[in-house]
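Undergrad: Contents of entry_9.json (JSON, C-alpha atoms):
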[["chain", "number", "residue", "atom", "x", "y", "z"],
["A", 236, "LEU", "CA", 1.53, 7.34, -16.91],
["A", 237, "VAL", "CA", 3.57, 4.63, -15.26],
["A", 238, "ASN", "CA", 0.50, 3.41, -13.39],
["A", 239, "SER", "CA", -1.37, 3.20, -16.70],
["A", 240, "MET", "CA", 1.42, 1.05, -18.11],
["A", 241, "ILE", "CA", 1.34, -1.20, -15.02],
["A", 242, "ILE", "CA", -2.43, -1.64, -15.25],
["A", 243, "THR", "CA", -2.30, -2.31, -19.01],
["A", 244, "SER", "CA", 0.49, -4.87, -18.68],
["A", 245, "MET", "CA", -1.29, -6.65, -15.84],
["A", 246, "LEU", "CA", -4.53, -6.78, -17.81],
["A", 247, "ASN", "CA", -2.62, -8.30, -20.70],
["A", 248, "VAL", "CA", -1.30, -10.97, -18.32],
["A", 249, "THR", "CA", -4.45, -11.73, -16.34],
["A", 250, "LYS", "CA", -7.20, -10.96, -18.91],
["A", 251, "VAL", "CA", -9.48, -10.22, -15.92],
["A", 252, "VAL", "CA", -10.88, -6.70, -15.95],
["A", 253, "ALA", "CA", -12.61, -7.20, -12.57],
["A", 254, "ILE", "CA", -9.35, -6.76, -10.66],
["A", 255, "THR", "CA", -8.92, -3.18, -11.88],
["A", 256, "VAL", "CA", -12.05, -2.02, -10.06],
["A", 257, "PHE", "CA", -10.24, -2.14, -6.71],
["A", 258, "VAL", "CA", -7.09, -0.24, -7.72],
["A", 259, "PRO", "CA", -8.27, 3.17, -6.42],
["A", 260, "ALA", "CA", -9.00, 1.78, -2.95],
["A", 261, "ILE", "CA", -5.59, 0.12, -2.67],
["A", 262, "LEU", "CA", -3.78, 3.25, -3.87],
["A", 263, "ALA", "CA", -5.77, 5.58, -1.62],
["A", 264, "MET", "CA", -5.19, 3.58, 1.55],
["A", 265, "GLY", "CA", -1.51, 3.11, 0.79],
["A", 266, "GLY", "CA", -1.14, 6.80, 0.06],
["A", 267, "ASN", "CA", -2.87, 7.84, 3.26],
["A", 268, "THR", "CA", -0.80, 5.45, 5.35],
["A", 269, "GLY", "CA", 2.46, 6.58, 3.76],
["A", 270, "MET", "CA", 1.74, 10.27, 4.22],
["A", 271, "GLN", "CA", 0.79, 9.74, 7.87],
["A", 272, "SER", "CA", 4.02, 7.85, 8.51],
["A", 273, "SER", "CA", 5.94, 10.56, 6.71],
["A", 274, "ALA", "CA", 4.31, 13.24, 8.88],
["A", 275, "ILE", "CA", 5.25, 11.35, 12.05],
["A", 276, "ALA", "CA", 8.87, 11.01, 10.91],
["A", 277, "VAL", "CA", 9.08, 14.70, 9.93],
["A", 278, "ARG", "CA", 7.61, 15.61, 13.31],
["A", 279, "GLY", "CA", 10.28, 13.52, 15.05],
["A", 280, "ILE", "CA", 13.01, 15.27, 13.08],
["A", 281, "ALA", "CA", 11.46, 18.69, 13.83],
["A", 282, "LEU", "CA", 11.34, 17.88, 17.55],
["A", 283, "GLY", "CA", 15.06, 17.28, 17.47],
["A", 284, "LEU", "CA", 15.31, 13.51, 17.47],
["A", 285, "LYS", "CA", 18.72, 13.60, 15.83],
["A", 286, "LYS", "CA", 19.93, 10.35, 17.29],
["A", 287, "TYR", "CA", 19.74, 7.68, 14.62],
["A", 288, "SER", "CA", 18.44, 5.01, 17.04],
["A", 289, "LYS", "CA", 15.46, 7.20, 17.96],
["A", 290, "LEU", "CA", 14.63, 7.79, 14.30],
["A", 291, "ILE", "CA", 14.87, 4.06, 13.60],
["A", 292, "GLY", "CA", 12.49, 3.57, 16.53],
["A", 293, "ILE", "CA", 9.99, 5.79, 14.71],
["A", 294, "VAL", "CA", 10.31, 3.61, 11.61],
["A", 295, "PHE", "CA", 9.64, 0.39, 13.52],
["A", 296, "ARG", "CA", 6.72, 1.96, 15.39],
["A", 297, "GLU", "CA", 5.21, 3.10, 12.08],
["A", 298, "ILE", "CA", 5.68, -0.39, 10.64],
["A", 299, "ARG", "CA", 3.76, -1.84, 13.61],
["A", 300, "VAL", "CA", 1.01, 0.76, 13.18],
["A", 301, "GLY", "CA", 0.92, 0.05, 9.43],
["A", 302, "ALA", "CA", 0.62, -3.68, 10.10],
["A", 303, "CYS", "CA", -2.28, -3.14, 12.53],
["A", 304, "LEU", "CA", -4.03, -0.79, 10.12],
["A", 305, "GLY", "CA", -3.32, -3.18, 7.27],
["A", 306, "VAL", "CA", -4.93, -6.09, 9.11],
["A", 307, "CYS", "CA", -8.03, -4.02, 9.96],
["A", 308, "CYS", "CA", -8.37, -2.52, 6.47],
["A", 309, "GLY", "CA", -7.44, -5.76, 4.72],
["A", 310, "LEU", "CA", -10.14, -7.68, 6.60],
["A", 311, "THR", "CA", -12.64, -4.91, 5.95],
["A", 312, "ALA", "CA", -11.73, -4.92, 2.25],
["A", 313, "PHE", "CA", -12.06, -8.72, 2.11],
["A", 314, "PHE", "CA", -15.56, -8.71, 3.60],
["A", 315, "CYS", "CA", -16.71, -5.68, 1.59],
["A", 316, "VAL", "CA", -15.45, -7.10, -1.71],
["A", 317, "TRP", "CA", -16.76, -10.58, -1.02],
["A", 318, "GLY", "CA", -20.14, -9.27, 0.11],
["A", 319, "SER", "CA", -20.52, -6.87, -2.79],
["A", 320, "LEU", "CA", -19.53, -9.49, -5.37],
["A", 321, "LEU", "CA", -22.08, -11.91, -3.97],
["A", 322, "TRP", "CA", -24.80, -9.30, -3.49],
["A", 323, "MET", "CA", -24.46, -7.75, -6.95],
["A", 324, "HIS", "CA", -23.78, -11.06, -8.71],
["A", 325, "ALA", "CA", -20.87, -9.27, -10.38],
["A", 326, "ASP", "CA", -19.01, -10.81, -13.28],
["A", 327, "THR", "CA", -15.60, -11.76, -11.91],
["A", 328, "GLY", "CA", -14.33, -13.17, -15.17],
["A", 329, "GLY", "CA", -14.59, -16.70, -13.88],
["A", 330, "LEU", "CA", -12.69, -15.97, -10.67],
["A", 331, "ASN", "CA", -13.89, -17.32, -7.37],
["A", 332, "PRO", "CA", -15.32, -14.30, -5.45],
["A", 333, "VAL", "CA", -13.61, -15.46, -2.24],
["A", 334, "ALA", "CA", -10.25, -15.66, -4.02],
["A", 335, "LEU", "CA", -10.68, -12.19, -5.51],
["A", 336, "ALA", "CA", -11.75, -10.79, -2.13],
["A", 337, "PHE", "CA", -8.74, -12.44, -0.49],
["A", 338, "ALA", "CA", -6.42, -10.97, -3.12],
["A", 339, "VAL", "CA", -7.82, -7.47, -2.52],
["A", 340, "GLY", "CA", -7.57, -7.84, 1.27],
["A", 341, "ALA", "CA", -4.03, -9.24, 1.14],
["A", 342, "ALA", "CA", -2.93, -6.50, -1.25],
["A", 343, "MET", "CA", -4.48, -3.87, 1.01],
["A", 344, "PHE", "CA", -2.45, -5.23, 3.93],
["A", 345, "ASN", "CA", 0.76, -5.47, 1.89],
["A", 346, "SER", "CA", 0.48, -2.00, 0.39],
["A", 347, "MET", "CA", -0.30, -0.38, 3.74],
["A", 348, "LEU", "CA", 2.60, -2.17, 5.42],
["A", 349, "PHE", "CA", 4.99, -1.08, 2.67],
["A", 350, "ALA", "CA", 3.64, 2.49, 2.69],
["A", 351, "SER", "CA", 4.09, 2.85, 6.44],
["A", 352, "ALA", "CA", 7.71, 1.72, 6.27],
["A", 353, "TYR", "CA", 8.54, 3.74, 3.18],
["A", 354, "GLY", "CA", 6.73, 6.83, 4.46],
["A", 355, "ALA", "CA", 8.80, 6.79, 7.64],
["A", 356, "ILE", "CA", 12.14, 6.03, 5.96],
["A", 357, "VAL", "CA", 12.05, 8.68, 3.21],
["A", 358, "PRO", "CA", 12.07, 11.75, 5.51],
["A", 359, "ILE", "CA", 14.94, 10.29, 7.53],
["A", 360, "LEU", "CA", 16.99, 9.63, 4.39],
["A", 361, "LEU", "CA", 16.24, 13.10, 3.04],
["A", 362, "HIS", "CA", 17.24, 14.64, 6.36],
["A", 363, "ARG", "CA", 20.55, 12.74, 6.30],
["A", 364, "MET", "CA", 21.15, 14.05, 2.75],
["A", 365, "LYS", "CA", 20.59, 17.62, 4.02],
["A", 366, "VAL", "CA", 17.30, 18.01, 2.10],
["A", 367, "ASP", "CA", 14.31, 19.46, 3.96],
["A", 368, "PRO", "CA", 12.14, 16.38, 4.61],
["A", 369, "ALA", "CA", 9.02, 18.46, 5.23],
["A", 370, "VAL", "CA", 9.13, 19.84, 1.69],
["A", 371, "ALA", "CA", 10.48, 16.88, -0.25],
["A", 372, "SER", "CA", 8.80, 13.90, 1.44],
["A", 373, "GLY", "CA", 5.32, 14.48, 0.00],
["A", 374, "PRO", "CA", 6.17, 14.11, -3.71],
["A", 375, "PHE", "CA", 8.53, 11.17, -3.13],
["A", 376, "VAL", "CA", 6.21, 9.29, -0.81],
["A", 377, "THR", "CA", 3.05, 9.91, -2.82],
["A", 378, "THR", "CA", 4.47, 8.94, -6.21],
["A", 379, "SER", "CA", 6.43, 5.97, -4.93],
["A", 380, "ASN", "CA", 3.52, 4.65, -2.88],
["A", 381, "ASP", "CA", 1.13, 4.86, -5.82],
["A", 382, "LEU", "CA", 3.48, 2.93, -8.07],
["A", 383, "SER", "CA", 4.38, 0.45, -5.35],
["A", 384, "ALA", "CA", 0.75, -0.10, -4.36],
["A", 385, "SER", "CA", -0.16, -0.84, -7.99],
["A", 386, "LEU", "CA", 2.64, -3.35, -8.32],
["A", 387, "ILE", "CA", 1.88, -4.89, -4.94],
["A", 388, "TYR", "CA", -1.80, -5.19, -5.80],
["A", 389, "PHE", "CA", -1.36, -6.77, -9.20],
["A", 390, "LEU", "CA", 1.45, -9.08, -8.09],
["A", 391, "THR", "CA", -0.65, -10.16, -5.11],
["A", 392, "CYS", "CA", -3.56, -10.81, -7.47],
["A", 393, "LEU", "CA", -1.34, -12.86, -9.76],
["A", 394, "VAL", "CA", 0.03, -14.95, -6.90],
["A", 395, "VAL", "CA", -3.24, -15.42, -5.01],
["A", 396, "LEU", "CA", -5.42, -16.03, -8.04],
["A", 397, "HIS", "CA", -2.88, -18.41, -9.53],
["A", 398, "LEU", "CA", -2.63, -20.39, -6.30],
["A", 399, "LEU", "CA", -6.35, -20.56, -5.50]]
Write the structure described by the file as structure tokens, please.

TA:
Amino acid sequence: LVNSMIITSMLNVTKVVAITVFVPAILAMGGNTGMQSSAIAVRGIALGLKKYSKLIGIVFREIRVGACLGVCCGLTAFFCVWGSLLWMHADTGGLNPVALAFAVGAAMFNSMLFASAYGAIVPILLHRMKVDPAVASGPFVTTSNDLSASLIYFLTCLVVLHLL
């Protein structure tokens, strides 16, 4: 429901329906990245990495992995979106196809970077609060990443499309 409100409010601001087509891809990749980072952090906790510095090391490693994945997926998204818009002669609502493709690619990178950090931090925080991170991380990470990815995507679109 919250995602629906985000999408509706962004459509009211931008008036460009074409940007909503790419929402599922952004959410899916952010969700996958966040859950993978969460699994790595839970694994570290389960293996007995109780020392805070070692857990923080996991977070920074997952951020680096998320950045690398974000670059690869963001570039792939850019070229796929740009190519498909040109090939299908899609109506972009007057937007430059390169600008729209750049917005999608940049948002993919940003959402994956955020998801990797958030996915690694949540289990550690839950563990410190004496909540089983293996049970509770999934719902927190999934819901938060979906909402965050939507906001990241639409805000990136607003910034990029306004600047270009």

Undergrad: For stretch 368-378 of chain A, find every residue with an atom within 12 Å (counting all atoms listed in the file), except residues of its own chain fewer than 2 positions away, and show them as a PDB file with C-alpha atoms, keeping the file's coordinate frame.

TA:
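Contents of the output file part.pdb:
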ATOM      1  CA  LEU A 236       1.530   7.340 -16.910  1.00  0.00           C
ATOM      2  CA  VAL A 237       3.570   4.630 -15.260  1.00  0.00           C
ATOM      3  CA  ASN A 238       0.500   3.410 -13.390  1.00  0.00           C
ATOM      4  CA  LEU A 262      -3.780   3.250  -3.870  1.00  0.00           C
ATOM      5  CA  ALA A 263      -5.770   5.580  -1.620  1.00  0.00           C
ATOM      6  CA  MET A 264      -5.190   3.580   1.550  1.00  0.00           C
ATOM      7  CA  GLY A 265      -1.510   3.110   0.790  1.00  0.00           C
ATOM      8  CA  GLY A 266      -1.140   6.800   0.060  1.00  0.00           C
ATOM      9  CA  ASN A 267      -2.870   7.840   3.260  1.00  0.00           C
ATOM     10  CA  THR A 268      -0.800   5.450   5.350  1.00  0.00           C
ATOM     11  CA  GLY A 269       2.460   6.580   3.760  1.00  0.00           C
ATOM     12  CA  MET A 270       1.740  10.270   4.220  1.00  0.00           C
ATOM     13  CA  GLN A 271       0.790   9.740   7.870  1.00  0.00           C
ATOM     14  CA  SER A 272       4.020   7.850   8.510  1.00  0.00           C
ATOM     15  CA  SER A 273       5.940  10.560   6.710  1.00  0.00           C
ATOM     16  CA  ALA A 274       4.310  13.240   8.880  1.00  0.00           C
ATOM     17  CA  ILE A 275       5.250  11.350  12.050  1.00  0.00           C
ATOM     18  CA  ALA A 276       8.870  11.010  10.910  1.00  0.00           C
ATOM     19  CA  VAL A 277       9.080  14.700   9.930  1.00  0.00           C
ATOM     20  CA  ARG A 278       7.610  15.610  13.310  1.00  0.00           C
ATOM     21  CA  GLY A 279      10.280  13.520  15.050  1.00  0.00           C
ATOM     22  CA  ILE A 280      13.010  15.270  13.080  1.00  0.00           C
ATOM     23  CA  ALA A 281      11.460  18.690  13.830  1.00  0.00           C
ATOM     24  CA  PHE A 349       4.990  -1.080   2.670  1.00  0.00           C
ATOM     25  CA  ALA A 350       3.640   2.490   2.690  1.00  0.00           C
ATOM     26  CA  SER A 351       4.090   2.850   6.440  1.00  0.00           C
ATOM     27  CA  ALA A 352       7.710   1.720   6.270  1.00  0.00           C
ATOM     28  CA  TYR A 353       8.540   3.740   3.180  1.00  0.00           C
ATOM     29  CA  GLY A 354       6.730   6.830   4.460  1.00  0.00           C
ATOM     30  CA  ALA A 355       8.800   6.790   7.640  1.00  0.00           C
ATOM     31  CA  ILE A 356      12.140   6.030   5.960  1.00  0.00           C
ATOM     32  CA  VAL A 357      12.050   8.680   3.210  1.00  0.00           C
ATOM     33  CA  PRO A 358      12.070  11.750   5.510  1.00  0.00           C
ATOM     34  CA  ILE A 359      14.940  10.290   7.530  1.00  0.00           C
ATOM     35  CA  LEU A 360      16.990   9.630   4.390  1.00  0.00           C
ATOM     36  CA  LEU A 361      16.240  13.100   3.040  1.00  0.00           C
ATOM     37  CA  HIS A 362      17.240  14.640   6.360  1.00  0.00           C
ATOM     38  CA  ARG A 363      20.550  12.740   6.300  1.00  0.00           C
ATOM     39  CA  MET A 364      21.150  14.050   2.750  1.00  0.00           C
ATOM     40  CA  LYS A 365      20.590  17.620   4.020  1.00  0.00           C
ATOM     41  CA  VAL A 366      17.300  18.010   2.100  1.00  0.00           C
ATOM     42  CA  ASN A 380       3.520   4.650  -2.880  1.00  0.00           C
ATOM     43  CA  ASP A 381       1.130   4.860  -5.820  1.00  0.00           C
ATOM     44  CA  LEU A 382       3.480   2.930  -8.070  1.00  0.00           C
ATOM     45  CA  SER A 383       4.380   0.450  -5.350  1.00  0.00           C
ATOM     46  CA  ALA A 384       0.750  -0.100  -4.360  1.00  0.00           C
ATOM     47  CA  SER A 385      -0.160  -0.840  -7.990  1.00  0.00           C
TER      48      SER A 385
END

Undergrad: Identify which of the residues A:Arg299, A:Ile254, A:Ile261, A:Gly309 lies closest to A:Ala341, counting all atoms listed in the file when measuring atom-to-atom distances.

TA: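 That would be A:Gly309, the residue with the smallest distance to A:Ala341.
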
Undergrad: Take atom CA of A:Ser244 and atom CA of A:Phe337 and report the distance between them in Å, one decimal.

TA: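 Straight-line distance from atom CA of A:Ser244 to atom CA of A:Phe337 works out to 21.8 Å.
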
Undergrad: Rounded to one decimal in Å, what is the spacing between atom CA of A:Met323 and atom CA of A:Val306?

TA: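 Distance between the two atoms: 25.3 Å.
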
Undergrad: Measure the distance from atom CA of A:Ala253 to atom CA of A:Gly329 in Å and round it to one decimal.

TA: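 It comes out at 9.8 Å.
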
Undergrad: When you count all atoms listed in the file, which of these residues is closest to A:Met240: A:Leu348, A:Ala312, A:Leu386, A:Leu396?

TA: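 Closest residue, counting all atoms listed in the file: A:Leu386.
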
Undergrad: Point out the residue among A:Ala338, A:Phe257, A:Trp322, A:Met347 with the least atom-to-atom distance to A:Glu297, counting all atoms listed in the file.

TA: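 Result for the nearest residue to A:Glu297: A:Met347.
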
Undergrad: From the list A:Val294, A:Leu335, A:Cys392, A:Cys307, which residue is nearest A:Leu321 when using only C-alpha atoms?

TA: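 Comparing A:Val294, A:Leu335, A:Cys392, A:Cys307 against A:Leu321, the winner is A:Leu335.
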
Undergrad: I'd like the neighbourhood of A:Tyr388 as a PDB file with C-alpha atoms, in the frame of the given file, where a residue qualifies if any of its atoms comes within 8 Å (using only C-alpha atoms), though same-chain residues fewer than 5 positions away should be ignored.

TA:
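Saved the output as part.pdb:
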ATOM      1  CA  VAL A 258      -7.090  -0.240  -7.720  1.00  0.00           C
ATOM      2  CA  ILE A 261      -5.590   0.120  -2.670  1.00  0.00           C
ATOM      3  CA  ALA A 338      -6.420 -10.970  -3.120  1.00  0.00           C
ATOM      4  CA  VAL A 339      -7.820  -7.470  -2.520  1.00  0.00           C
ATOM      5  CA  ALA A 342      -2.930  -6.500  -1.250  1.00  0.00           C
ATOM      6  CA  MET A 343      -4.480  -3.870   1.010  1.00  0.00           C
ATOM      7  CA  SER A 346       0.480  -2.000   0.390  1.00  0.00           C
TER       8      SER A 346
END

Undergrad: For a quick check of understanding, using only C-alpha atoms, which of A:Phe344, A:His324, A:Gly292, A:Ile387 has the smallest distance to A:Leu304?

TA: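 Ranking A:Phe344, A:His324, A:Gly292, A:Ile387 by distance to A:Leu304, first place goes to A:Phe344.
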
Undergrad: Name the residues, using the chain letters and numbers of the file, that sit within 6 Å of (-12.6, -9.2, 0.9) when counting all atoms listed in the file, and give them as a list in words.

TA: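 The residues near that point, listed by chain and number, are Ala312, Phe313, Phe314, Cys315, Val316, Trp317, Ala336, Phe337 and Gly340 of chain A.
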